[in-house]
Structure formats: C-alpha cells, structure tokens
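Undergrad: Got a structure for you, written out below as structure tokens; questions coming shortly.
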Amino acid sequence: MSSIEEESPEESRKFIKRLHEASKEDMMEAMYSSIVNGKMGALKHDGTIEEKIEGVQTVLNFFKDNEDYEKCKELKRIIEKLSSNII
C-alpha cells in the first residue's frame, strides 16, 4: 500500500489545505513582483483603472493579512498612482 493510501481522510484534507495555501502564497508573490516591477503586462492590459485598482487591492489585502507591510506600502503607492492616472 502506498503512503497516500495509508493516510486518513483528515490528513489528506490537511495536506491539500497546506498545498493550496502554499500555492496561493507563491501566486501572490509572483503577482506582487509583476506589479511592482512592471513585468508581464500586469498593469498594461486593456482593463479599466477600477479593475486594475481592484486587482492590486486584492494582492495588497493578501499581504496585509500576512502582515507584510512593506509590500502593502508599495502596493498602496501603486494604487495611488493608478487613481491619479499616472500609470
């Protein structure tokens, strides 16, 4: 029997939750990097300013929940630029 088959349903759920959380953190880190470094057209797409602000705000909220305030500060600055139509 493989180790996966030997795990209880609770252990499997915990594993999936950890995997999901790790994947989300990796995704948010990649999004943050793309936004602040202007890579992959993160803010150059045809979306409205409101949509761009909403997207950046979602990333900001993630880092706020994780108490990574330096990233929040940078994202807030970008939101202010978007609001002023500078970007």
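Convention: chains lettered A, B, ... in structure tokens order; per-chain residue numbering from 1; ligands numbered from 1 as shown.
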What lies within 9 Å of range 75-81 of chain A using only C-alpha atoms, ignoring chain neighbours under 2 positions off, as a list in words?
TA: Tyr32, Ile35, Val36, Lys52, Ile53, Glu54, Val56, Gln57, Val59, Leu60, Glu70, Lys71, Cys72, Lys73, Ser83, Ser84, Asn85, Ile86 and Ile87 of chain A
Undergrad: Taking the chain letters and numbering used in this document, name the residues of chain A that DSSP puts in alpha helix (DSSP H), as a PyMOL selection string.
TA: chain A and resi 3-6+9-37+49-65+69-83
Undergrad: Got time to write the residues from that selection, C-alpha atoms, as a PDB file, in the first residue's frame?
TA:
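And here's part-v5.pdb as it stands now:
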ATOM      1  CA  SER A   3       1.742   6.186   1.750  1.00  0.00           C
ATOM      2  CA  ILE A   4      -1.125   8.143   0.188  1.00  0.00           C
ATOM      3  CA  GLU A   5      -3.480   5.225   0.653  1.00  0.00           C
ATOM      4  CA  GLU A   6      -2.433   4.902   4.298  1.00  0.00           C
ATOM      5  CA  PRO A   9      -9.063  11.499   5.228  1.00  0.00           C
ATOM      6  CA  GLU A  10      -8.215  14.212   7.782  1.00  0.00           C
ATOM      7  CA  GLU A  11      -4.502  14.027   6.947  1.00  0.00           C
ATOM      8  CA  SER A  12      -5.356  14.243   3.260  1.00  0.00           C
ATOM      9  CA  ARG A  13      -7.507  17.334   3.829  1.00  0.00           C
ATOM     10  CA  LYS A  14      -4.717  18.978   5.833  1.00  0.00           C
ATOM     11  CA  PHE A  15      -2.209  18.201   3.082  1.00  0.00           C
ATOM     12  CA  ILE A  16      -4.485  19.674   0.401  1.00  0.00           C
ATOM     13  CA  LYS A  17      -5.077  22.785   2.513  1.00  0.00           C
ATOM     14  CA  ARG A  18      -1.314  23.288   3.020  1.00  0.00           C
ATOM     15  CA  LEU A  19      -0.730  22.813  -0.703  1.00  0.00           C
ATOM     16  CA  HIS A  20      -3.466  25.320  -1.559  1.00  0.00           C
ATOM     17  CA  GLU A  21      -2.100  27.895   0.896  1.00  0.00           C
ATOM     18  CA  ALA A  22       1.453  27.457  -0.387  1.00  0.00           C
ATOM     19  CA  SER A  23       0.274  27.765  -3.980  1.00  0.00           C
ATOM     20  CA  LYS A  24      -1.686  30.917  -3.147  1.00  0.00           C
ATOM     21  CA  GLU A  25       1.342  32.452  -1.455  1.00  0.00           C
ATOM     22  CA  ASP A  26       3.540  31.643  -4.459  1.00  0.00           C
ATOM     23  CA  MET A  27       0.921  33.096  -6.807  1.00  0.00           C
ATOM     24  CA  MET A  28       0.592  36.305  -4.773  1.00  0.00           C
ATOM     25  CA  GLU A  29       4.386  36.678  -4.630  1.00  0.00           C
ATOM     26  CA  ALA A  30       4.534  36.341  -8.427  1.00  0.00           C
ATOM     27  CA  MET A  31       1.699  38.836  -8.848  1.00  0.00           C
ATOM     28  CA  TYR A  32       3.376  41.294  -6.479  1.00  0.00           C
ATOM     29  CA  SER A  33       6.648  41.029  -8.369  1.00  0.00           C
ATOM     30  CA  SER A  34       4.882  41.519 -11.701  1.00  0.00           C
ATOM     31  CA  ILE A  35       3.011  44.572 -10.445  1.00  0.00           C
ATOM     32  CA  VAL A  36       5.906  46.388  -8.773  1.00  0.00           C
ATOM     33  CA  ASN A  37       8.438  45.525 -11.471  1.00  0.00           C
ATOM     34  CA  ILE A  49      -8.478  51.762 -13.939  1.00  0.00           C
ATOM     35  CA  GLU A  50     -11.072  50.455 -11.478  1.00  0.00           C
ATOM     36  CA  GLU A  51     -10.330  46.842 -12.473  1.00  0.00           C
ATOM     37  CA  LYS A  52      -6.602  47.415 -12.123  1.00  0.00           C
ATOM     38  CA  ILE A  53      -7.061  49.013  -8.699  1.00  0.00           C
ATOM     39  CA  GLU A  54      -9.293  46.130  -7.618  1.00  0.00           C
ATOM     40  CA  GLY A  55      -6.641  43.615  -8.703  1.00  0.00           C
ATOM     41  CA  VAL A  56      -3.839  45.414  -6.894  1.00  0.00           C
ATOM     42  CA  GLN A  57      -6.087  45.798  -3.828  1.00  0.00           C
ATOM     43  CA  THR A  58      -6.649  42.021  -3.778  1.00  0.00           C
ATOM     44  CA  VAL A  59      -2.894  41.449  -3.675  1.00  0.00           C
ATOM     45  CA  LEU A  60      -2.497  44.183  -1.037  1.00  0.00           C
ATOM     46  CA  ASN A  61      -5.170  42.537   1.141  1.00  0.00           C
ATOM     47  CA  PHE A  62      -3.336  39.210   0.967  1.00  0.00           C
ATOM     48  CA  PHE A  63      -0.103  40.785   2.192  1.00  0.00           C
ATOM     49  CA  LYS A  64      -1.947  42.804   4.825  1.00  0.00           C
ATOM     50  CA  ASP A  65      -3.452  39.581   6.191  1.00  0.00           C
ATOM     51  CA  TYR A  69       3.524  45.784   5.492  1.00  0.00           C
ATOM     52  CA  GLU A  70       6.476  46.751   3.290  1.00  0.00           C
ATOM     53  CA  LYS A  71       4.734  45.133   0.321  1.00  0.00           C
ATOM     54  CA  CYS A  72       1.464  46.772   1.350  1.00  0.00           C
ATOM     55  CA  LYS A  73       3.172  50.165   1.329  1.00  0.00           C
ATOM     56  CA  GLU A  74       4.477  49.623  -2.201  1.00  0.00           C
ATOM     57  CA  LEU A  75       1.119  48.341  -3.473  1.00  0.00           C
ATOM     58  CA  LYS A  76      -0.678  51.295  -1.851  1.00  0.00           C
ATOM     59  CA  ARG A  77       1.686  53.650  -3.694  1.00  0.00           C
ATOM     60  CA  ILE A  78       0.801  51.919  -6.977  1.00  0.00           C
ATOM     61  CA  ILE A  79      -2.923  52.199  -6.227  1.00  0.00           C
ATOM     62  CA  GLU A  80      -2.452  55.931  -5.614  1.00  0.00           C
ATOM     63  CA  LYS A  81      -0.663  56.268  -8.967  1.00  0.00           C
ATOM     64  CA  LEU A  82      -3.437  54.339 -10.699  1.00  0.00           C
ATOM     65  CA  SER A  83      -6.035  56.570  -9.042  1.00  0.00           C
TER      66      SER A  83
END
